[in-house]
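Here the structure comes first, spelled out in C-alpha cells, and everything after it is commentary.
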Amino acid sequence: MANALGLDVKPVTEYAPEEVERVRNWINSADYKEKNFARQALVINPAHACQPLGAQLVAHGFEGTLPFVHGSQGCASYYRSTLNRHFREPAPAVSDAMTEDGAVFGGQANLHEGLENAYALYKPKMMAVFTSCMPEVIGDDLTAFINNARQKGCIPADFPTPYANTPSFNGTHIHGYDAMLLSILQTLTEGKKIEGRCTGKLNLIAGCDFNTGDYREYKRILDAFGIAHTLLADISETFDAPCDGNYQVYAGGTKLEDTADSINGKATITLGPYATPKTFAWIRENFAGEHASMPMPIGIEKTDALLLKLAELFGKTVPAPLKAERGRAVDAMTDAQQYMHGKKFAVYGDPDYLLGYVSFLLEMGARPYHILCSRGTKKVEKELRGLLDASSYGKGCTIYMNKDLWHLRSLLMTDPVDAIIGDTHGKFAARDAGIPLFRFGFPVFDRVNKHRYPLIGYQGVINMVTEICNKFIDIRDETCEDRFFEMMR
Amino acid sequence: MSEIKKIPGISKESTQALIDEVLDAYPAKARKKRAPHLGANDPATGKSCVQSNKKTVPGVMSARGCAYAGAKGVVWGPIRDMVHVSHGPVGCGWYSWGTRRNLMSGINGVTQFGMQFTSDFQEKDIVYGGDKKLKVLLQEAHELFPLAKGISVLSECPVGLIGDDINSVAKQSAKELDIPIIPCNCEGFRGVSQSLGHHISNDTIRDYIIETREFAEPQSPYDIALIGDYNIGGDVWSAKALLEEIGLNVKSVWTGDGEIEKIAATHQVKLNLIHCYRSMNYMCKVMEEKYGIPWLEFNFFGPTKIRESLRAIGQRFDATIQEKVEQVIAKYEPVMQAIIDEYKPRLDGKKVMLLVGGLRPRHTIGAYEDLGMECVGSGYEFAHSDDYDRTAPEMPEATVVYDDPSEYEFEKFAHALKPDLIGSGIKEKYVFQKMGIPFRQMHSWDYSGPYHGYQGFEVFARDVDMAVNSPTWKLVKAPF
C-alpha cells in the first residue's frame with residue numbers, strides 16, 4: 001500500500017442516483033439552511049475581493065499613473081485580469097515579483113529594481129505602490145524603502161510615488177480604494193495649499209465605483225449646473241478608451257495638476273462614504289472649502305439630495321434641464337411601476353451600492369426582501385435598517401450582514417424572491433432558484449457594456465427601470481400559456 | 001526531422017536587430033537579465049534558443065501568475081467532485097473563481113463543486129495562525145457537501161509565511177472525516193511562475209492520491225488515461241470521444257472534468273496519453289518509474305497533428321486499434337477538408353503571434369498552418385527548456401522566440417511584425433485590439449471551444465476566421 005494518507009485501497013465508487021437526488025433536495029431545505037448559517041469558519045462564494053484590487057482601480061483614475069504591486073507577481077495578474085474582464089479594457093500594472101528570498105531578506109531589492117524598470121519602460125507620471133499579502137506578513141517598511149529608492153536614484157527625487165498598505169487579510173477592495181486614494185491625495189497635494197486661494201471648483205469622489213457610465217454622468221450633471229469640477233480618480237477614460245488603432249498605456253485619469261490643486265477647492269464631496277472614510281476624514285481636516293459625504297446617488301431621493309447639495313454649495317438653482325430629466329425619470333417609474341410593485345428582490349453588494357439599490361427598490365414599491373452584505377459594519381446595517389423602517393415596502397425585509405452567496409442560495413431556496421440584484425457571481429444561485437439576476441454591481445464578466453450604462457442619477461433610474469421591467473415582461477412572454485400571450489403588456 | 005519552414009523577410013539578423021532594439025529601452029541590469037530570454041529560432045538544432053524558467057524581472061509587466069494559480073487554477077481546481085479550499089485571504093480564490101473555463105459535469109453544490117471555498121483569513125488568523133480555523137472548516141465542508149469525495153487545501157502566501165502546519169491538520173481531519181484531504185503547499189511566492197504550482201500539485205497527487213483506489217471493472221489492454229487536458233470549453237469531451245472512437249477506454253482524465261477516485265486508480269492503466277506536457281509530465285514520469293506505465297505526448301489541435309497523433313497512439317496498440325485509427329482518420333478527413341476549403345481562402349498567408357502558458361505556443365501552430373497561416377513569433381509564460389526544445393522544429397526559421405516577455409516587449413514585437421492575429425491572454429487582448437490587431441484568447445478559447453479533436457477544429461477555424469476577418473476592424477480608423 002503506497003498512499004501517504006494511510007487509507008485503505010478501495011474501489012472506485014459511484015453514488016446511487018437516489019442518494020444524489022436526496023442531497024440535491026436537501027441543499028434546498030430549511031434544515032440545510034440552518035446548518036449553512038451555523039458555519040463558523042468556511043466561507044463559500046464570497047461577494048467581496050481583497051484590498052489591492054480597489055487600490056489598483058483608484059490608481060488607474062489618475063493621469064499617467066502606473067499601479068505598482070509590491071508583492072508576488074501572481075497577485076498583479078489576478079487584479080489585472082479581473083479589471084480586464086469587467087471592463088473589456090487593458091489594465092496595465094506592474095509588480096515587483098517578490099519570491100521566496102523576499103521572505104528572508106524583505107522586499108526592498110525587488111521594489112527598487114521594479115521601480116527603476118517600470119519607470120524606464122512605461123514612463124509614468126506617477127507610480128502608485130500598494131501591497132499584497134507577502135510584504136504585509138513579513139512587515140516591509142514602505143516608507144523607508146521608497147525613500148531609499150529616491151536616494152539610490154531608482155526614481156527621481158521628486159517623482160510622485162504614493163504608497164499604501166493594503167493587506168488582503170483585512171477589509172475588502174473598498175478599503176484598498178480608500179487607502180490608496182488617501183495616499184495619492186496626500187502625496188499630490190503636499191505643499192500645495194495656498195492660504196486664501198480658491199479654485200472655485202468642486203472636487204468629486206465617486207467612491208469605489210466600477211461603472212464608467214457613472215463617472216461620465218457625474219461630469220454631465222456638473223456641466224449642466226455649470227459647476228467647474230475636478231472628478232478625483234476618474235476612471236471613465238482609462239476603462240472606456242476608444243478603439244482607434246492607437247494603444248495608450250495611460251488612456252485617461254484626473255490630471256495630476258488638478259489633483260494637486262484640489263486642496264484649494266471650493267467644496268469636496270464624496271459619494272462613496274463607505275469606500276472613502278479615511279480619505280474623507282483627512283480631506284475634512286486638510287482641504288479648503290466645504291466638505292460633504294453623501295450616499296451614492298442611486299434612485300430619485302438620493303439624486304435629489306445630491307442636486308440640492310450642489311445647488312446649496314454653489315449658490316445655484318437646479319438647472320431646468322436637470323429638473324426636466326428628473327421628471328422623465330419619474331415618468332419612467334410611474335409608467336412601469338406596475339411591473340415591479342410588490343416584487344421581492346434579493347440584493348447584495350458593497351455597502352455604497354447596496355444602500356442605493358435598496359433605496360431605489362423602495363421608491364418603486366418593490367421589496368428588498370433579502371439584503372446581504374458580504375462585509376459590512378454595524379453602521380451600514382443601521383443605515384439599511386433606517387431605509388427599510390422608513391417605507392412600508394421595507395416591512396418584513398431582512399438584512400444579513402457578513403454573509404456569503406452560499407448563504408444567499410439557502411435564502412432563495414427556502415424563502416423565494418422574484419429576482420436578484422448583484423454581480424456575475426450570483427448567476428449560479430439565480431439559475432438554481434430560476435429567477436433573473438440583474439448585474440448592476442461588480443464584476444460583470446458575462447454580459448457586454450454593462451459598465452457603460454450609468455446607475456447613478458436620473459439616467460441611472462431610467463436604465464434600471466428599463467432593464468428590470470423589460471426582463472419581467474420577457475419572462476411573462478416566455479412562460480405564459482398561449483391563450484395569455486398577447487400583443488400588449 | 002520535418003522540413004524547415006521559412007518566412008520571407010525574416011532572417012536571423014532581422015530578428016536579432018529587432019530584439020536589440022527592444023532591449024534598448026531597459027536599464028542595464030534588466031537588459032542583461034532579459035537578453036537571454038529572447039532569441040531567433042533555430043529549427044535545425046531542435047534546441048531552445050532562449051533561457052527559461054527564471055525569476056521574472058521586477059517591474060516589467062509580466063503576464064505570469066503564481067504557484068497557487070498553477071495549483072488551484074490548473075491542476076486541482078478542475079477535479080469536479082472535490083471541495084478545493086483556497087486557504088488564506090479572500091482574494092486568490094475569488095480571482096480564480098470560474099475564470100479558467102474548465103467545464104464540469106455534475107450538479108453544482110451536490111456532486112460538482114465549481115465554487116469558491118475560502119478560509120477568508122483576517123488579521124487574527126495571521127497573528128494566531130489559521131490551523132484551528134482550517135480544522136473547523138474542513139468539518140463544515142464535509143457536513144455541507146457530503147458527496148464531495150475529497151478536499152484539497154491550497155495554501156496562499158500568508159500560510160507558509162506564518163508557519164501554519166496544514167499538513168498535520170489535513171492528516172488528522174482526513175482520519176476523522178474518512179475522506180482524502182490533500183494539503184498543497186503552493187504559496188504564490190514559491191518558484192518563479194505557475195509552473196512550480198503544477199509540480200507541487202503533481203507531487204501531492206503522487207503522495208496522497210495515486211494508488212488509493214482501484215477500478216471496480218476488469219482491466220483491458222486498451223485502458224488509458226487522458227493526462228493534461230483541463231476541459232477548457234469542453235476540450236476533454238471532444239478528445240475523450242475521439243479516443244473512444246479509436247477503441248480505447250479512457251479510464252480517467254487529469255484533471256479536466258476529473259474525478260478523484262478515477263485519478264487515484266490511474267496506476268492501473270496501460271498507457272498515459274499526455275496533452276499538456278508542461279503541467280503533468282511529472283506524474284507521467286512517476287507512473288512510468290513506479291508502475292511501468294509508458295506515456296506518450298500527443299497533439300489534438302488541427303487535422304494534421306491529430307492524424308499524426310492518432311497514428312502514433314495506434315502504434316502503441318494492436319492491429320484492432322490501428323485499423324480503427326485509419327477508419328476514424330478516413331471518416332473525418334473529408335469533414336476536415338470541407339472546413340479547410342471554407343476558411344483557408346480567407347486566412348491563407350495570414351500571420352499569427354502567440355504567447356500562452358506552457359503548451360499551446362507550440363501545439364496550436366499546426367492548426368493555424370492547416371488554415372494556411374504562419375506563425376511569426378511565439379513564446380511562453382512559464383515553459384522550461386524542454387518545452388522550447390519541442391517548439392524549435394514547429395516554428396519557422398529565425399522567427400522570434402520570447403520567454404516570459406514583458407508587455408513592452410510583446411507590444412514592440414507585434415508593432416514590428418504586424419501580425420494579422422495575436423493569440424494570448426486576457427491581459428493582452430485589449431492592448432492589441434486597441435491597436436486594431438485581431439486577437440483570440442488562447443487560454444480560455446475566448447469563451448468558445450472546444451478546440452481539441454476533430455470537433456474542436458471546426459470551432460477553432462470559425463473563431464480564427466471571425467477574429468481575423470471581422471468587418472469591425474475596418475471601422476477602427478475614422479475617416480476624419
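In the C-alpha cells, chains take letters A, B, ... by order of appearance, with residues numbered from 1 within each chain and ligands from 1 in the order shown.
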
message: Taking only range 78-195 of chain B into account, list the residues labelled strand (DSSP E or B) by DSSP (computed from the backbone), as a VMD selection string.
response: chain B and resid 79 83 to 87 102 108 112 117 to 118 151 to 155 181 to 184

Kindly save the residues from that selection, with N, CA and C atoms included, as a short mmCIF file (atom, residue, chain, number, x, y, z; two decimals), in the first residue's frame.
```
data_model
loop_
_atom_site.label_atom_id
_atom_site.label_comp_id
_atom_site.auth_asym_id
_atom_site.auth_seq_id
_atom_site.Cartn_x
_atom_site.Cartn_y
_atom_site.Cartn_z
N ILE B 79 -10.75 19.26 -10.87
CA ILE B 79 -11.30 18.00 -10.35
C ILE B 79 -12.67 18.29 -9.75
N VAL B 83 -13.96 19.40 -2.96
CA VAL B 83 -14.02 20.79 -2.49
C VAL B 83 -12.58 21.30 -2.48
N HIS B 84 -12.33 22.40 -3.17
CA HIS B 84 -10.98 22.97 -3.20
C HIS B 84 -10.97 24.24 -2.36
N VAL B 85 -10.27 24.20 -1.26
CA VAL B 85 -10.27 25.33 -0.33
C VAL B 85 -9.08 26.24 -0.62
N SER B 86 -9.35 27.49 -0.93
CA SER B 86 -8.29 28.49 -1.06
C SER B 86 -8.00 28.98 0.35
N HIS B 87 -6.88 28.50 0.88
CA HIS B 87 -6.61 28.70 2.30
C HIS B 87 -5.76 29.95 2.50
N ASN B 102 -12.61 25.63 -17.07
CA ASN B 102 -12.54 24.18 -17.02
C ASN B 102 -13.93 23.67 -16.68
N ASN B 108 -23.98 21.33 -9.41
CA ASN B 108 -23.24 22.30 -8.61
C ASN B 108 -23.69 22.27 -7.15
N GLN B 112 -20.70 18.31 -7.79
CA GLN B 112 -19.69 19.10 -8.50
C GLN B 112 -19.51 20.40 -7.75
N PHE B 117 -14.38 28.26 -2.25
CA PHE B 117 -14.29 27.94 -0.82
C PHE B 117 -13.04 28.61 -0.27
N THR B 118 -13.19 29.38 0.80
CA THR B 118 -12.00 30.03 1.35
C THR B 118 -12.10 30.12 2.87
N ILE B 151 -11.11 16.75 -0.22
CA ILE B 151 -10.92 18.21 -0.08
C ILE B 151 -9.44 18.51 -0.32
N SER B 152 -9.19 19.51 -1.16
CA SER B 152 -7.80 19.96 -1.28
C SER B 152 -7.66 21.27 -0.50
N VAL B 153 -6.53 21.43 0.14
CA VAL B 153 -6.25 22.66 0.87
C VAL B 153 -5.09 23.35 0.16
N LEU B 154 -5.39 24.46 -0.49
CA LEU B 154 -4.41 25.12 -1.33
C LEU B 154 -3.92 26.38 -0.63
N SER B 155 -2.67 26.35 -0.23
CA SER B 155 -2.13 27.44 0.58
C SER B 155 -1.89 28.69 -0.23
N ILE B 181 -7.96 14.31 2.36
CA ILE B 181 -7.77 15.76 2.47
C ILE B 181 -6.32 16.03 2.10
N ILE B 182 -6.16 16.80 1.03
CA ILE B 182 -4.84 16.94 0.45
C ILE B 182 -4.27 18.32 0.75
N PRO B 183 -3.23 18.39 1.55
CA PRO B 183 -2.60 19.69 1.78
C PRO B 183 -1.62 20.00 0.65
N CYS B 184 -1.75 21.18 0.06
CA CYS B 184 -0.91 21.52 -1.08
C CYS B 184 -0.19 22.83 -0.76
#
```

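By only C-alpha atoms, and with residues fewer than 6 positions from Arg476 in chain A along its chain excluded, the set lying at most 12 Å from it is Tyr339, Cys469, Asn470, Asp482, Phe484, Phe485, Glu486, Met488 and Arg489 of chain A.
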
For the selection just defined, write its residues with N, CA and C atoms to a file, as a tab-separated table (two decimals), in the first residue's frame.
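The result, stored in selection.tsv:
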```tsv
chain	number	residue	atom	x	y	z
A	339	TYR	N	-44.95	46.83	-13.10
A	339	TYR	CA	-44.17	45.62	-13.37
A	339	TYR	C	-43.22	45.27	-12.23
A	469	CYS	N	-37.82	45.96	-15.59
A	469	CYS	CA	-39.21	45.75	-16.01
A	469	CYS	C	-39.29	44.95	-17.30
A	470	ASN	N	-38.43	45.28	-18.25
A	470	ASN	CA	-38.48	44.53	-19.50
A	470	ASN	C	-38.16	43.06	-19.29
A	482	ASP	N	-50.28	29.92	-24.06
A	482	ASP	CA	-50.56	30.52	-25.36
A	482	ASP	C	-51.75	31.47	-25.31
A	484	PHE	N	-52.76	33.28	-23.06
A	484	PHE	CA	-52.48	34.56	-22.41
A	484	PHE	C	-51.35	35.34	-23.09
A	485	PHE	N	-50.86	34.82	-24.18
A	485	PHE	CA	-49.80	35.50	-24.93
A	485	PHE	C	-50.44	36.57	-25.80
A	486	GLU	N	-50.13	37.82	-25.55
A	486	GLU	CA	-50.87	38.87	-26.24
A	486	GLU	C	-49.95	40.00	-26.70
A	488	MET	N	-50.03	43.31	-26.19
A	488	MET	CA	-49.61	44.39	-25.30
A	488	MET	C	-49.23	43.87	-23.91
A	489	ARG	N	-48.37	44.58	-23.28
A	489	ARG	CA	-48.03	44.25	-21.90
A	489	ARG	C	-47.99	45.51	-21.08
```

Per residue of chain A within 7 Å of chain B, which atom pair is closest and at what distance in Å (one decimal), using only C-alpha atoms, listed by chain and increasing number, as a tab-separated table?
```
residue	atom	partner	partner_atom	distance
A:Ala2	CA	B:Glu211	CA	6.6
A:Asn3	CA	B:Tyr208	CA	5.6
A:Ala4	CA	B:Tyr208	CA	5.3
A:Leu5	CA	B:Tyr208	CA	5.9
A:Asp8	CA	B:Thr212	CA	6.8
A:Val9	CA	B:Thr212	CA	4.5
A:Lys10	CA	B:Arg213	CA	4.8
A:Pro11	CA	B:Glu214	CA	4.7
A:Val12	CA	B:Phe215	CA	5.3
A:Val23	CA	B:Val110	CA	6.4
A:Arg24	CA	B:Val110	CA	5.9
A:Asn36	CA	B:Leu144	CA	7.0
A:Arg39	CA	B:Glu140	CA	6.7
A:Ala41	CA	B:Leu137	CA	5.0
A:Leu42	CA	B:Leu137	CA	4.7
A:Val43	CA	B:Thr118	CA	5.2
A:Ile44	CA	B:Phe117	CA	4.6
A:Asn45	CA	B:Gln116	CA	4.7
A:Ala49	CA	B:Gly91	CA	5.0
A:Cys50	CA	B:Gly91	CA	4.8
A:Ser72	CA	B:Phe189	CA	5.7
A:Gln73	CA	B:Gly65	CA	6.2
A:Gly74	CA	B:Gly65	CA	3.8
A:Ser77	CA	B:Gly65	CA	5.9
A:Tyr78	CA	B:Tyr95	CA	5.8
A:Arg80	CA	B:Lys427	CA	6.7
A:Ser81	CA	B:Lys427	CA	5.7
A:Thr82	CA	B:Tyr95	CA	6.7
A:Asn84	CA	B:Lys427	CA	6.3
A:Arg88	CA	B:Tyr430	CA	6.7
A:Glu89	CA	B:Tyr430	CA	5.2
A:Pro90	CA	B:Tyr430	CA	5.1
A:Ala93	CA	B:Met61	CA	6.5
A:Val94	CA	B:Met61	CA	4.6
A:Ser95	CA	B:Gly59	CA	5.3
A:Asp96	CA	B:Pro58	CA	4.0
A:Ala97	CA	B:Pro58	CA	5.3
A:Met98	CA	B:Phe189	CA	6.6
A:Thr99	CA	B:Phe189	CA	4.5
A:Glu100	CA	B:Phe189	CA	5.6
A:Asn110	CA	B:Pro58	CA	6.0
A:Glu113	CA	B:Pro58	CA	6.0
A:Gly114	CA	B:Gly59	CA	3.7
A:Leu115	CA	B:Gly59	CA	6.1
A:Asn117	CA	B:Gly59	CA	5.4
A:Ala118	CA	B:Gly59	CA	4.8
A:Ala120	CA	B:Tyr26	CA	6.5
A:Leu121	CA	B:Ala25	CA	6.2
A:Cys133	CA	B:Pro158	CA	6.4
A:Met134	CA	B:Cys157	CA	6.2
A:Val137	CA	B:Pro158	CA	6.5
A:Ser168	CA	B:Pro89	CA	5.9
A:Phe169	CA	B:Gln122	CA	4.5
A:Asn170	CA	B:Gln122	CA	5.5
A:Cys243	CA	B:Lys434	CA	4.7
A:Asp244	CA	B:Val476	CA	4.9
A:Gly245	CA	B:Met435	CA	4.0
A:Asn246	CA	B:Met435	CA	4.8
A:Tyr247	CA	B:Lys434	CA	5.2
```

- request: Just the residues within 12 Å of Glu381 in chain A, please, counting only C-alpha atoms, with nothing from its chain fewer than 2 positions along; format it as a ChimeraX atom specification.
  value: /A:274,351-352,354-355,371-379,383-388,398-402

Write the residues of the selection above to a file with C-alpha atoms, as a PDB file, in the first residue's frame.
```
ATOM      1  CA  TYR A 274     -18.154  53.552   2.868  1.00  0.00           C
ATOM      2  CA  PRO A 351     -22.311  48.960   1.093  1.00  0.00           C
ATOM      3  CA  ASP A 352     -22.484  52.062  -1.104  1.00  0.00           C
ATOM      4  CA  LEU A 354     -26.367  48.282  -1.623  1.00  0.00           C
ATOM      5  CA  LEU A 355     -27.825  51.373   0.026  1.00  0.00           C
ATOM      6  CA  ILE A 371     -30.379  42.196   1.818  1.00  0.00           C
ATOM      7  CA  LEU A 372     -26.971  40.612   2.038  1.00  0.00           C
ATOM      8  CA  CYS A 373     -23.748  42.447   2.776  1.00  0.00           C
ATOM      9  CA  SER A 374     -20.649  40.337   2.359  1.00  0.00           C
ATOM     10  CA  ARG A 375     -18.522  42.548   4.612  1.00  0.00           C
ATOM     11  CA  GLY A 376     -20.014  45.428   6.487  1.00  0.00           C
ATOM     12  CA  THR A 377     -20.176  47.264   9.766  1.00  0.00           C
ATOM     13  CA  LYS A 378     -22.931  47.957  12.259  1.00  0.00           C
ATOM     14  CA  LYS A 379     -23.155  51.418  10.749  1.00  0.00           C
ATOM     15  CA  GLU A 383     -28.380  52.766   7.697  1.00  0.00           C
ATOM     16  CA  LEU A 384     -30.012  49.917   5.760  1.00  0.00           C
ATOM     17  CA  ARG A 385     -32.419  49.394   8.642  1.00  0.00           C
ATOM     18  CA  GLY A 386     -33.267  53.083   8.538  1.00  0.00           C
ATOM     19  CA  LEU A 387     -34.243  52.827   4.876  1.00  0.00           C
ATOM     20  CA  LEU A 388     -36.427  49.771   5.487  1.00  0.00           C
ATOM     21  CA  THR A 398     -34.236  41.161   6.389  1.00  0.00           C
ATOM     22  CA  ILE A 399     -30.629  42.303   6.471  1.00  0.00           C
ATOM     23  CA  TYR A 400     -27.882  39.693   6.557  1.00  0.00           C
ATOM     24  CA  MET A 401     -24.503  41.116   7.466  1.00  0.00           C
ATOM     25  CA  ASN A 402     -21.237  39.330   6.717  1.00  0.00           C
TER      26      ASN A 402
END
```

task: Would you please give, as a ChimeraX atom specification, all residues of range 268-488 of chain A that DSSP assigns to alpha helix (DSSP H) based on the backbone?
output: /A:277-286,300-314,320-340,351-363,378-389,405-414,427-433,457-479

- prompt: Mind pulling up the distance from CA of Pro454 in chain A to CA of Asp214 in chain A?
  reply: 4.5 Å

- prompt: Which polymer residues have any atom within 6 Å of an atom of His291 in chain A, counting only C-alpha atoms, with same-chain residues fewer than 2 positions away left out, as a list in words?
  reply: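 The contact residues come out as Ala267, Thr268 and Ile269 of chain A.
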
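The gap separating CA of Phe210 in chain A from CA of His175 in chain A is 14.5 Å, in Å to one decimal.
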
message: I want to know what sits within 8 Å of range 296-303 of chain B, based on only C-alpha atoms, with residues of the same chain fewer than 6 positions away left out; could you give that as a ChimeraX atom specification?
response: /B:239,271-275,277,309,313,333,336,363-364,366-368,370,451-454,456-457

task: Find the spatial neighbours of Asp387 in chain B, counting only C-alpha atoms, within a cut-off of 10 Å - ignore same-chain residues fewer than 3 positions away - and output them as a list in words.
output: Lys47, Ser48, Ser52, Tyr277, Arg278, Gly358, Leu359, Pro361, Arg362, Tyr380, Phe382, Ala383, His384, Arg390, Thr391 and Ala392 of chain B

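Considering the residues A:Ala91, A:Val417, A:Ala206, A:Ala224 and counting only C-alpha atoms, Ala324 in chain A has its shortest atom-to-atom contact with A:Ala224.
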
message: Show me, as a PyMOL selection string, the residues that have an atom within 10 Å of Trp445 in chain B when counting only C-alpha atoms, minus same-chain residues fewer than 2 positions from it.
response: chain B and resi 100-101+232-233+423-425+440-443+447-451+459-460+463

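One distance worth recording is that between CA of Phe280 in chain A and CA of Ala179 in chain A, which is 10.9 Å.
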